[in-house]
$ cat model06.txt   # compact mmCIF, N, CA and C atoms
# COMPACT_ATOMS: atom_id res chain seq x y z
N MET A 1 -12.42 -27.41 -22.30
CA MET A 1 -11.64 -26.89 -21.18
C MET A 1 -11.90 -25.40 -21.03
N SER A 2 -12.22 -24.96 -19.83
CA SER A 2 -12.51 -23.54 -19.62
C SER A 2 -11.23 -22.73 -19.42
N VAL A 3 -11.28 -21.51 -19.88
CA VAL A 3 -10.14 -20.61 -19.75
C VAL A 3 -10.27 -19.87 -18.42
N VAL A 4 -9.18 -19.87 -17.66
CA VAL A 4 -9.18 -19.16 -16.38
C VAL A 4 -9.07 -17.67 -16.67
N PRO A 5 -10.01 -16.86 -16.13
CA PRO A 5 -9.95 -15.42 -16.41
C PRO A 5 -8.70 -14.79 -15.77
N GLU A 6 -8.18 -13.79 -16.45
CA GLU A 6 -6.99 -13.08 -15.98
C GLU A 6 -7.36 -12.22 -14.77
N VAL A 7 -6.54 -12.27 -13.74
CA VAL A 7 -6.71 -11.41 -12.57
C VAL A 7 -6.07 -10.06 -12.92
N ARG A 8 -6.82 -8.97 -12.72
CA ARG A 8 -6.31 -7.65 -13.03
C ARG A 8 -5.97 -6.89 -11.76
N ALA A 9 -4.82 -6.22 -11.79
CA ALA A 9 -4.40 -5.39 -10.67
C ALA A 9 -3.76 -4.13 -11.23
N ALA A 10 -3.63 -3.12 -10.37
CA ALA A 10 -3.04 -1.86 -10.80
C ALA A 10 -2.34 -1.21 -9.62
N GLY A 11 -1.35 -0.38 -9.93
CA GLY A 11 -0.61 0.30 -8.87
C GLY A 11 0.18 1.48 -9.40
N LEU A 12 0.87 2.12 -8.47
CA LEU A 12 1.70 3.27 -8.82
C LEU A 12 3.14 3.03 -8.38
N ILE A 13 4.07 3.31 -9.26
CA ILE A 13 5.48 3.31 -8.89
C ILE A 13 5.75 4.71 -8.34
N VAL A 14 5.67 4.82 -7.02
CA VAL A 14 5.81 6.12 -6.36
C VAL A 14 7.29 6.42 -6.18
N PHE A 15 7.69 7.63 -6.57
CA PHE A 15 9.08 8.05 -6.39
C PHE A 15 9.13 9.45 -5.79
N ARG A 16 10.29 9.77 -5.25
CA ARG A 16 10.53 11.12 -4.75
C ARG A 16 11.93 11.54 -5.17
N ARG A 17 12.10 12.83 -5.26
CA ARG A 17 13.41 13.38 -5.59
C ARG A 17 14.15 13.68 -4.30
N VAL A 18 15.40 13.27 -4.26
CA VAL A 18 16.28 13.58 -3.13
C VAL A 18 17.58 14.13 -3.70
N SER A 19 18.45 14.62 -2.85
CA SER A 19 19.68 15.25 -3.33
C SER A 19 20.54 14.29 -4.16
N THR A 20 20.42 12.99 -3.90
CA THR A 20 21.24 12.02 -4.63
C THR A 20 20.55 11.45 -5.87
N GLY A 21 19.31 11.88 -6.14
CA GLY A 21 18.60 11.40 -7.33
C GLY A 21 17.16 11.05 -7.05
N ILE A 22 16.79 9.82 -7.39
CA ILE A 22 15.41 9.36 -7.27
C ILE A 22 15.38 8.19 -6.28
N GLU A 23 14.34 8.18 -5.43
CA GLU A 23 14.10 7.04 -4.55
C GLU A 23 12.68 6.53 -4.81
N TYR A 24 12.55 5.20 -4.74
CA TYR A 24 11.27 4.54 -4.99
C TYR A 24 10.69 4.00 -3.69
N LEU A 25 9.38 4.09 -3.58
CA LEU A 25 8.67 3.56 -2.41
C LEU A 25 8.34 2.09 -2.65
N LEU A 26 8.86 1.23 -1.77
CA LEU A 26 8.56 -0.19 -1.83
C LEU A 26 7.95 -0.64 -0.51
N LEU A 27 7.02 -1.57 -0.62
CA LEU A 27 6.32 -2.10 0.55
C LEU A 27 6.64 -3.59 0.69
N GLN A 28 6.89 -4.03 1.93
CA GLN A 28 7.14 -5.45 2.17
C GLN A 28 5.84 -6.10 2.61
N ALA A 29 5.43 -7.12 1.87
CA ALA A 29 4.19 -7.83 2.18
C ALA A 29 4.28 -8.51 3.54
N ALA A 30 3.21 -8.44 4.31
CA ALA A 30 3.19 -9.04 5.64
C ALA A 30 3.21 -10.57 5.57
N ARG A 31 2.61 -11.13 4.52
CA ARG A 31 2.49 -12.58 4.46
C ARG A 31 3.63 -13.27 3.72
N LYS A 32 4.48 -12.49 3.04
CA LYS A 32 5.57 -13.07 2.27
C LYS A 32 6.84 -12.27 2.52
N GLU A 33 7.74 -12.82 3.30
CA GLU A 33 8.94 -12.12 3.78
C GLU A 33 9.70 -11.36 2.70
N GLY A 34 10.02 -12.00 1.59
CA GLY A 34 10.87 -11.35 0.60
C GLY A 34 10.11 -10.61 -0.49
N ASP A 35 8.82 -10.39 -0.30
CA ASP A 35 8.00 -9.80 -1.35
C ASP A 35 7.90 -8.28 -1.18
N TRP A 36 8.74 -7.55 -1.89
CA TRP A 36 8.74 -6.09 -1.88
C TRP A 36 8.21 -5.61 -3.23
N SER A 37 7.32 -4.64 -3.21
CA SER A 37 6.80 -4.10 -4.46
C SER A 37 6.22 -2.71 -4.22
N PRO A 38 5.99 -1.98 -5.30
CA PRO A 38 5.24 -0.72 -5.17
C PRO A 38 3.80 -1.04 -4.76
N PRO A 39 3.06 -0.05 -4.28
CA PRO A 39 1.67 -0.28 -3.92
C PRO A 39 0.86 -0.71 -5.15
N LYS A 40 0.04 -1.75 -4.95
CA LYS A 40 -0.80 -2.26 -6.04
C LYS A 40 -1.89 -3.13 -5.44
N GLY A 41 -2.91 -3.41 -6.23
CA GLY A 41 -3.97 -4.30 -5.76
C GLY A 41 -4.97 -4.59 -6.85
N HIS A 42 -5.90 -5.46 -6.53
CA HIS A 42 -6.89 -5.91 -7.51
C HIS A 42 -7.82 -4.77 -7.94
N VAL A 43 -8.21 -4.84 -9.20
CA VAL A 43 -9.18 -3.91 -9.77
C VAL A 43 -10.56 -4.43 -9.41
N ASP A 44 -11.35 -3.61 -8.74
CA ASP A 44 -12.71 -4.00 -8.36
C ASP A 44 -13.65 -3.90 -9.56
N PRO A 45 -14.74 -4.66 -9.56
CA PRO A 45 -15.72 -4.58 -10.64
C PRO A 45 -16.22 -3.14 -10.82
N GLY A 46 -16.26 -2.69 -12.07
CA GLY A 46 -16.74 -1.35 -12.38
C GLY A 46 -15.71 -0.25 -12.18
N GLU A 47 -14.52 -0.62 -11.77
CA GLU A 47 -13.46 0.34 -11.48
C GLU A 47 -12.45 0.34 -12.64
N SER A 48 -11.94 1.50 -13.00
CA SER A 48 -10.90 1.55 -14.03
C SER A 48 -9.56 1.16 -13.39
N ASP A 49 -8.60 0.82 -14.24
CA ASP A 49 -7.27 0.49 -13.73
C ASP A 49 -6.68 1.67 -12.96
N MET A 50 -6.84 2.87 -13.47
CA MET A 50 -6.29 4.06 -12.81
C MET A 50 -6.97 4.28 -11.46
N GLU A 51 -8.29 4.13 -11.41
CA GLU A 51 -9.01 4.29 -10.14
C GLU A 51 -8.50 3.28 -9.11
N ALA A 52 -8.26 2.05 -9.56
CA ALA A 52 -7.75 1.01 -8.66
C ALA A 52 -6.34 1.36 -8.18
N ALA A 53 -5.51 1.84 -9.07
CA ALA A 53 -4.13 2.21 -8.70
C ALA A 53 -4.12 3.30 -7.63
N ILE A 54 -4.97 4.30 -7.81
CA ILE A 54 -5.05 5.40 -6.83
C ILE A 54 -5.62 4.90 -5.51
N ARG A 55 -6.69 4.12 -5.58
CA ARG A 55 -7.32 3.60 -4.35
C ARG A 55 -6.36 2.70 -3.58
N GLU A 56 -5.73 1.77 -4.28
CA GLU A 56 -4.81 0.84 -3.62
C GLU A 56 -3.62 1.58 -3.00
N THR A 57 -3.10 2.57 -3.70
CA THR A 57 -1.98 3.36 -3.15
C THR A 57 -2.40 4.07 -1.88
N GLN A 58 -3.60 4.63 -1.89
CA GLN A 58 -4.11 5.31 -0.70
C GLN A 58 -4.30 4.32 0.45
N GLU A 59 -4.92 3.18 0.16
CA GLU A 59 -5.17 2.18 1.20
C GLU A 59 -3.87 1.62 1.79
N GLU A 60 -2.88 1.40 0.92
CA GLU A 60 -1.66 0.72 1.37
C GLU A 60 -0.58 1.65 1.91
N THR A 61 -0.65 2.95 1.57
CA THR A 61 0.42 3.87 1.98
C THR A 61 -0.07 5.11 2.73
N GLY A 62 -1.37 5.39 2.66
CA GLY A 62 -1.89 6.62 3.25
C GLY A 62 -1.66 7.84 2.38
N LEU A 63 -1.06 7.66 1.20
CA LEU A 63 -0.82 8.77 0.29
C LEU A 63 -2.07 8.99 -0.57
N HIS A 64 -2.52 10.22 -0.63
CA HIS A 64 -3.71 10.58 -1.39
C HIS A 64 -3.32 11.18 -2.74
N LEU A 65 -4.28 11.25 -3.63
CA LEU A 65 -4.05 11.82 -4.95
C LEU A 65 -3.46 13.23 -4.86
N LYS A 66 -3.88 14.02 -3.86
CA LYS A 66 -3.38 15.38 -3.71
C LYS A 66 -1.89 15.41 -3.34
N ASP A 67 -1.34 14.29 -2.87
CA ASP A 67 0.08 14.19 -2.49
C ASP A 67 0.96 13.78 -3.66
N LEU A 68 0.34 13.39 -4.77
CA LEU A 68 1.05 12.77 -5.87
C LEU A 68 0.82 13.50 -7.19
N SER A 69 1.76 13.33 -8.09
CA SER A 69 1.60 13.77 -9.48
C SER A 69 1.79 12.53 -10.35
N ILE A 70 0.69 12.04 -10.91
CA ILE A 70 0.75 10.81 -11.71
C ILE A 70 1.24 11.14 -13.11
N ILE A 71 2.18 10.35 -13.57
CA ILE A 71 2.75 10.52 -14.91
C ILE A 71 2.14 9.44 -15.80
N LYS A 72 1.04 9.78 -16.43
CA LYS A 72 0.29 8.80 -17.22
C LYS A 72 1.06 8.35 -18.46
N SER A 73 2.05 9.12 -18.88
CA SER A 73 2.81 8.73 -20.07
C SER A 73 3.79 7.60 -19.79
N PHE A 74 4.00 7.27 -18.50
CA PHE A 74 4.76 6.06 -18.18
C PHE A 74 3.78 5.01 -17.67
N GLU A 75 3.55 4.01 -18.50
CA GLU A 75 2.63 2.92 -18.16
C GLU A 75 3.33 1.61 -18.48
N LYS A 76 3.38 0.73 -17.50
CA LYS A 76 4.06 -0.56 -17.69
C LYS A 76 3.11 -1.67 -17.23
N VAL A 77 2.90 -2.65 -18.10
CA VAL A 77 2.05 -3.79 -17.78
C VAL A 77 2.92 -5.02 -17.56
N LEU A 78 2.73 -5.67 -16.41
CA LEU A 78 3.44 -6.91 -16.10
C LEU A 78 2.45 -8.06 -16.17
N LYS A 79 2.85 -9.13 -16.83
CA LYS A 79 1.99 -10.31 -16.94
C LYS A 79 2.75 -11.50 -16.37
N TYR A 80 2.08 -12.24 -15.48
CA TYR A 80 2.69 -13.41 -14.87
C TYR A 80 1.59 -14.29 -14.30
N SER A 81 1.99 -15.41 -13.70
CA SER A 81 1.04 -16.32 -13.09
C SER A 81 1.15 -16.21 -11.58
N ALA A 82 0.00 -16.10 -10.91
CA ALA A 82 -0.04 -16.04 -9.45
C ALA A 82 -1.13 -17.00 -8.98
N PHE A 83 -0.76 -17.93 -8.12
CA PHE A 83 -1.70 -18.92 -7.60
C PHE A 83 -2.39 -19.67 -8.76
N ASP A 84 -1.58 -20.03 -9.76
CA ASP A 84 -2.05 -20.79 -10.93
C ASP A 84 -3.09 -20.05 -11.76
N LYS A 85 -3.10 -18.73 -11.68
CA LYS A 85 -4.00 -17.92 -12.51
C LYS A 85 -3.18 -16.87 -13.24
N PRO A 86 -3.55 -16.56 -14.48
CA PRO A 86 -2.85 -15.48 -15.18
C PRO A 86 -3.17 -14.15 -14.53
N LYS A 87 -2.14 -13.31 -14.37
CA LYS A 87 -2.33 -12.02 -13.72
C LYS A 87 -1.70 -10.92 -14.57
N SER A 88 -2.36 -9.77 -14.59
CA SER A 88 -1.87 -8.60 -15.31
C SER A 88 -1.89 -7.42 -14.33
N VAL A 89 -0.74 -6.77 -14.17
CA VAL A 89 -0.65 -5.60 -13.29
C VAL A 89 -0.18 -4.42 -14.13
N VAL A 90 -0.92 -3.33 -14.09
CA VAL A 90 -0.51 -2.11 -14.79
C VAL A 90 -0.03 -1.11 -13.74
N TYR A 91 1.15 -0.53 -14.01
CA TYR A 91 1.72 0.49 -13.13
C TYR A 91 1.88 1.79 -13.90
N TRP A 92 1.66 2.88 -13.21
CA TRP A 92 2.03 4.20 -13.70
C TRP A 92 3.04 4.79 -12.72
N ALA A 93 3.86 5.71 -13.19
CA ALA A 93 4.79 6.42 -12.31
C ALA A 93 4.03 7.55 -11.62
N ALA A 94 4.41 7.83 -10.38
CA ALA A 94 3.77 8.92 -9.63
C ALA A 94 4.80 9.55 -8.70
N GLU A 95 4.97 10.84 -8.84
CA GLU A 95 5.91 11.55 -7.97
C GLU A 95 5.22 12.00 -6.69
N LEU A 96 5.88 11.77 -5.57
CA LEU A 96 5.40 12.31 -4.30
C LEU A 96 5.73 13.79 -4.31
N THR A 97 4.72 14.64 -4.48
CA THR A 97 4.95 16.08 -4.57
C THR A 97 4.78 16.75 -3.21
N ASN A 98 4.01 16.13 -2.33
CA ASN A 98 3.83 16.67 -0.98
C ASN A 98 4.76 15.87 -0.07
N THR A 99 6.00 16.31 0.04
CA THR A 99 7.02 15.54 0.74
C THR A 99 6.87 15.57 2.26
N THR A 100 5.94 16.37 2.77
CA THR A 100 5.72 16.38 4.21
C THR A 100 4.72 15.30 4.64
N THR A 101 4.08 14.67 3.67
CA THR A 101 3.12 13.61 3.98
C THR A 101 3.87 12.33 4.37
N ALA A 102 3.51 11.78 5.52
CA ALA A 102 4.16 10.55 5.98
C ALA A 102 3.48 9.34 5.37
N VAL A 103 4.27 8.32 5.09
CA VAL A 103 3.74 7.05 4.61
C VAL A 103 3.17 6.30 5.82
N ALA A 104 1.96 5.81 5.68
CA ALA A 104 1.30 5.04 6.73
C ALA A 104 0.81 3.73 6.11
N ILE A 105 1.57 2.65 6.32
CA ILE A 105 1.24 1.39 5.66
C ILE A 105 0.06 0.69 6.33
N SER A 106 -0.62 -0.12 5.52
CA SER A 106 -1.78 -0.88 6.01
C SER A 106 -1.29 -2.18 6.65
N GLU A 107 -2.23 -2.95 7.18
CA GLU A 107 -1.90 -4.22 7.80
C GLU A 107 -1.43 -5.26 6.78
N GLU A 108 -1.61 -4.97 5.49
CA GLU A 108 -1.15 -5.88 4.44
C GLU A 108 0.38 -5.91 4.34
N HIS A 109 1.02 -4.91 4.94
CA HIS A 109 2.47 -4.79 4.83
C HIS A 109 3.12 -4.68 6.20
N LYS A 110 4.37 -5.11 6.28
CA LYS A 110 5.06 -5.04 7.57
C LYS A 110 6.03 -3.86 7.64
N MET A 111 6.49 -3.38 6.49
CA MET A 111 7.36 -2.20 6.48
C MET A 111 7.44 -1.61 5.09
N PHE A 112 8.03 -0.41 5.02
CA PHE A 112 8.24 0.24 3.74
C PHE A 112 9.64 0.83 3.74
N CYS A 113 10.12 1.16 2.55
CA CYS A 113 11.40 1.87 2.46
C CYS A 113 11.41 2.71 1.19
N TRP A 114 12.19 3.76 1.25
CA TRP A 114 12.50 4.57 0.08
C TRP A 114 13.89 4.13 -0.36
N SER A 115 14.03 3.71 -1.61
CA SER A 115 15.29 3.14 -2.07
C SER A 115 15.69 3.70 -3.43
N PRO A 116 17.00 3.94 -3.59
CA PRO A 116 17.48 4.26 -4.95
C PRO A 116 17.30 3.02 -5.83
N LEU A 117 17.40 3.19 -7.12
CA LEU A 117 17.14 2.11 -8.06
C LEU A 117 17.93 0.84 -7.74
N SER A 118 19.21 0.96 -7.45
CA SER A 118 20.03 -0.23 -7.22
C SER A 118 19.48 -1.07 -6.06
N LYS A 119 19.14 -0.45 -4.95
CA LYS A 119 18.59 -1.19 -3.81
C LYS A 119 17.18 -1.69 -4.11
N ALA A 120 16.39 -0.86 -4.78
CA ALA A 120 15.02 -1.27 -5.14
C ALA A 120 15.05 -2.53 -6.00
N CYS A 121 16.00 -2.61 -6.92
CA CYS A 121 16.10 -3.78 -7.79
C CYS A 121 16.57 -5.01 -7.02
N THR A 122 17.35 -4.80 -5.97
CA THR A 122 17.79 -5.91 -5.12
C THR A 122 16.61 -6.43 -4.29
N LEU A 123 15.78 -5.52 -3.79
CA LEU A 123 14.63 -5.91 -2.97
C LEU A 123 13.53 -6.57 -3.80
N ALA A 124 13.31 -6.08 -5.01
CA ALA A 124 12.25 -6.62 -5.87
C ALA A 124 12.60 -8.06 -6.24
N ALA A 125 11.74 -8.98 -5.88
CA ALA A 125 12.04 -10.41 -6.05
C ALA A 125 11.82 -10.90 -7.48
N TYR A 126 11.11 -10.15 -8.29
CA TYR A 126 10.72 -10.64 -9.61
C TYR A 126 11.41 -9.85 -10.72
N THR A 127 11.92 -10.58 -11.71
CA THR A 127 12.67 -9.93 -12.78
C THR A 127 11.83 -8.94 -13.57
N ASN A 128 10.52 -9.23 -13.75
CA ASN A 128 9.69 -8.29 -14.50
C ASN A 128 9.49 -6.98 -13.71
N LEU A 129 9.47 -7.06 -12.38
CA LEU A 129 9.35 -5.85 -11.57
C LEU A 129 10.66 -5.07 -11.60
N VAL A 130 11.79 -5.76 -11.56
CA VAL A 130 13.10 -5.10 -11.68
C VAL A 130 13.15 -4.34 -13.01
N SER A 131 12.71 -4.99 -14.09
CA SER A 131 12.71 -4.34 -15.41
C SER A 131 11.80 -3.12 -15.41
N ALA A 132 10.65 -3.21 -14.76
CA ALA A 132 9.71 -2.07 -14.71
C ALA A 132 10.35 -0.89 -13.97
N LEU A 133 11.04 -1.16 -12.86
CA LEU A 133 11.71 -0.09 -12.11
C LEU A 133 12.83 0.54 -12.95
N GLN A 134 13.59 -0.30 -13.64
CA GLN A 134 14.67 0.22 -14.49
C GLN A 134 14.11 1.06 -15.63
N GLU A 135 13.04 0.60 -16.25
CA GLU A 135 12.41 1.36 -17.34
C GLU A 135 11.84 2.67 -16.83
N CYS A 136 11.29 2.66 -15.63
CA CYS A 136 10.75 3.87 -15.04
C CYS A 136 11.87 4.90 -14.83
N GLU A 137 12.99 4.44 -14.29
CA GLU A 137 14.12 5.35 -14.06
C GLU A 137 14.63 5.93 -15.38
N GLU A 138 14.77 5.09 -16.38
CA GLU A 138 15.23 5.57 -17.70
C GLU A 138 14.26 6.61 -18.25
N PHE A 139 12.97 6.33 -18.15
CA PHE A 139 11.94 7.26 -18.62
C PHE A 139 12.04 8.59 -17.89
N LEU A 140 12.11 8.54 -16.57
CA LEU A 140 12.16 9.77 -15.76
C LEU A 140 13.38 10.60 -16.10
N LYS A 141 14.51 9.97 -16.24
CA LYS A 141 15.75 10.71 -16.53
C LYS A 141 15.72 11.31 -17.94
N LYS A 142 15.01 10.64 -18.84
CA LYS A 142 14.99 11.12 -20.23
C LYS A 142 13.93 12.17 -20.47
N TYR A 143 12.75 11.98 -19.88
CA TYR A 143 11.61 12.82 -20.25
C TYR A 143 11.07 13.73 -19.17
N TYR A 144 11.48 13.56 -17.94
CA TYR A 144 10.80 14.24 -16.85
C TYR A 144 11.73 15.23 -16.20
N GLU A 145 11.34 16.47 -16.21
CA GLU A 145 12.10 17.56 -15.59
C GLU A 145 13.40 17.11 -14.95
N LYS A 146 14.44 17.77 -15.25
CA LYS A 146 15.78 17.45 -14.79
C LYS A 146 15.84 16.75 -13.43
N LEU A 147 16.15 15.49 -13.50
CA LEU A 147 16.26 14.68 -12.26
C LEU A 147 17.71 14.39 -11.99
$ encode --input "model06.txt" --output "structure tokens"
Amino acid sequence: MSVVPEVRAAGLIVFRRVSTGIEYLLLQAARKEGDWSPPKGHVDPGESDMEAAIRETQEETGLHLKDLSIIKSFEKVLKYSAFDKPKSVVYWAAELTNTTTAVAISEEHKMFCWSPLSKACTLAAYTNLVSALQECEEFLKKYYEKL
């Protein structure tokens, strides 16, 4: 019996600071009504996970590396099955540092929102993604400049 290779994907949990705390950028998939997640996508052959995360974020949101500060010390890997194949998604936290840059979503998504953790966890359909968002918030509040 052959082993199905794991599908690899990568993305960034993009956040911004607002007067009430932290807000997370979530995108609603165009093909799946209730599917909200941070920007992410498949890792192309020859591409590192980080390169894929940056490329996918740019393609899906219009945000460039110069608009973000990636926090490499927060790395979360989610493992699950998608379309009967094992999938692994690695996320890093990334702060939107250029707050004048507008989000411009791709045709893969129908809308986006900036949400505090409580709303983000309600929108996120998967428990492992909810856990990743909660862990990100805990990490940011504990280790990252007074939030």
$ atom_distance --input "model06.txt" --atom1 "atom C of Leu68 (chain A)" --atom2 "atom N of Glu56 (chain A)"
13.7 Å
$ atom_distance --input "model06.txt" --atom1 "atom C of Gln28 (chain A)" --atom2 "atom C of Ala9 (chain A)"
17.0 Å
$ atom_distance --input "model06.txt" --atom1 "atom C of Val77 (chain A)" --atom2 "atom C of Met111 (chain A)"
23.3 Å
$ residues_around --input "model06.txt" --residues "region 115-117 of chain A" --least-positions-apart "3" --cutoff "7 Å" --atoms "all atoms listed in the file" --output "mmCIF file with N, CA and C atoms, keeping the file's coordinate frame"
data_model
loop_
_atom_site.group_PDB
_atom_site.id
_atom_site.type_symbol
_atom_site.label_atom_id
_atom_site.label_comp_id
_atom_site.auth_asym_id
_atom_site.auth_seq_id
_atom_site.Cartn_x
_atom_site.Cartn_y
_atom_site.Cartn_z
ATOM 1 N N ILE A 22 16.790 9.820 -7.390
ATOM 2 C CA ILE A 22 15.410 9.360 -7.270
ATOM 3 C C ILE A 22 15.380 8.190 -6.280
ATOM 4 N N GLU A 23 14.340 8.180 -5.430
ATOM 5 C CA GLU A 23 14.100 7.040 -4.550
ATOM 6 C C GLU A 23 12.680 6.530 -4.810
ATOM 7 N N TYR A 24 12.550 5.200 -4.740
ATOM 8 C CA TYR A 24 11.270 4.540 -4.990
ATOM 9 C C TYR A 24 10.690 4.000 -3.690
ATOM 10 N N LEU A 25 9.380 4.090 -3.580
ATOM 11 C CA LEU A 25 8.670 3.560 -2.410
ATOM 12 C C LEU A 25 8.340 2.090 -2.650
ATOM 13 N N LEU A 26 8.860 1.230 -1.770
ATOM 14 C CA LEU A 26 8.560 -0.190 -1.830
ATOM 15 C C LEU A 26 7.950 -0.640 -0.510
ATOM 16 N N ALA A 120 16.390 -0.860 -4.780
ATOM 17 C CA ALA A 120 15.020 -1.270 -5.140
ATOM 18 C C ALA A 120 15.050 -2.530 -6.000
ATOM 19 N N CYS A 121 16.000 -2.610 -6.920
ATOM 20 C CA CYS A 121 16.100 -3.780 -7.790
ATOM 21 C C CYS A 121 16.570 -5.010 -7.020
ATOM 22 N N THR A 122 17.350 -4.800 -5.970
ATOM 23 C CA THR A 122 17.790 -5.910 -5.120
ATOM 24 C C THR A 122 16.610 -6.430 -4.290
ATOM 25 N N LEU A 133 11.040 -1.160 -12.860
ATOM 26 C CA LEU A 133 11.710 -0.090 -12.110
ATOM 27 C C LEU A 133 12.830 0.540 -12.950
#
$ closest_residue --input "model06.txt" --among "A:Ser37, A:Ser48, A:Thr101, A:Ser88" --to "His64 (chain A)" --atoms "only C-alpha atoms"
A:Thr101
$ closest_residue --input "model06.txt" --among "A:Val4, A:Val89, A:Ala124, A:Cys136" --to "Asp49 (chain A)" --atoms "only C-alpha atoms"
A:Val89
$ axis_aligned_box --input "model06.txt" --around "region 80-96 of chain A" --padding-each-side "3 Å" --output "lines of an AutoDock Vina configuration file"
center_x = 1.0
center_y = -3.5
center_z = -9.9
size_x = 15.9
size_y = 40.6
size_z = 17.2
$ select_by_dssp --input "model06.txt" --residues "chain A" --states "strand (DSSP E)" --output "number ranges by chain"
A: 7-18, 21-29, 36-37, 40-42, 68-82, 85-96, 109-115
$ residues_around --input "model06.txt" --residues "Leu12 (chain A)" --least-positions-apart "4" --cutoff "7 Å" --atoms "only N, CA and C atoms" --output "number ranges by chain"
A: 38-40, 53-54, 57, 90-94
$ closest_residue --input "model06.txt" --among "A:Leu96, A:Ala125, A:Ile105, A:Ala52" --to "Val14 (chain A)" --atoms "only N, CA and C atoms"
A:Leu96
$ select_by_dssp --input "model06.txt" --residues "region 61-141 of chain A" --states "helix (DSSP H, G or I)" --output "list in words"
Thr61, Leu65, Lys66, Asp67, Leu117, Ser118, Lys119, Ala120, Cys121, Thr122, Leu123, Thr127, Asn128, Leu129, Val130, Ser131, Ala132, Leu133, Gln134, Glu135, Cys136, Glu137, Glu138, Phe139, Leu140 and Lys141 of chain A
$ closest_residue --input "model06.txt" --among "A:Thr127, A:Gly62, A:Arg31, A:Glu138" --to "Ser106 (chain A)" --atoms "only N, CA and C atoms"
A:Gly62
$ closest_residue --input "model06.txt" --among "A:Leu78, A:Glu107, A:Ala10, A:Ala132" --to "His42 (chain A)" --atoms "only N, CA and C atoms"
A:Ala10
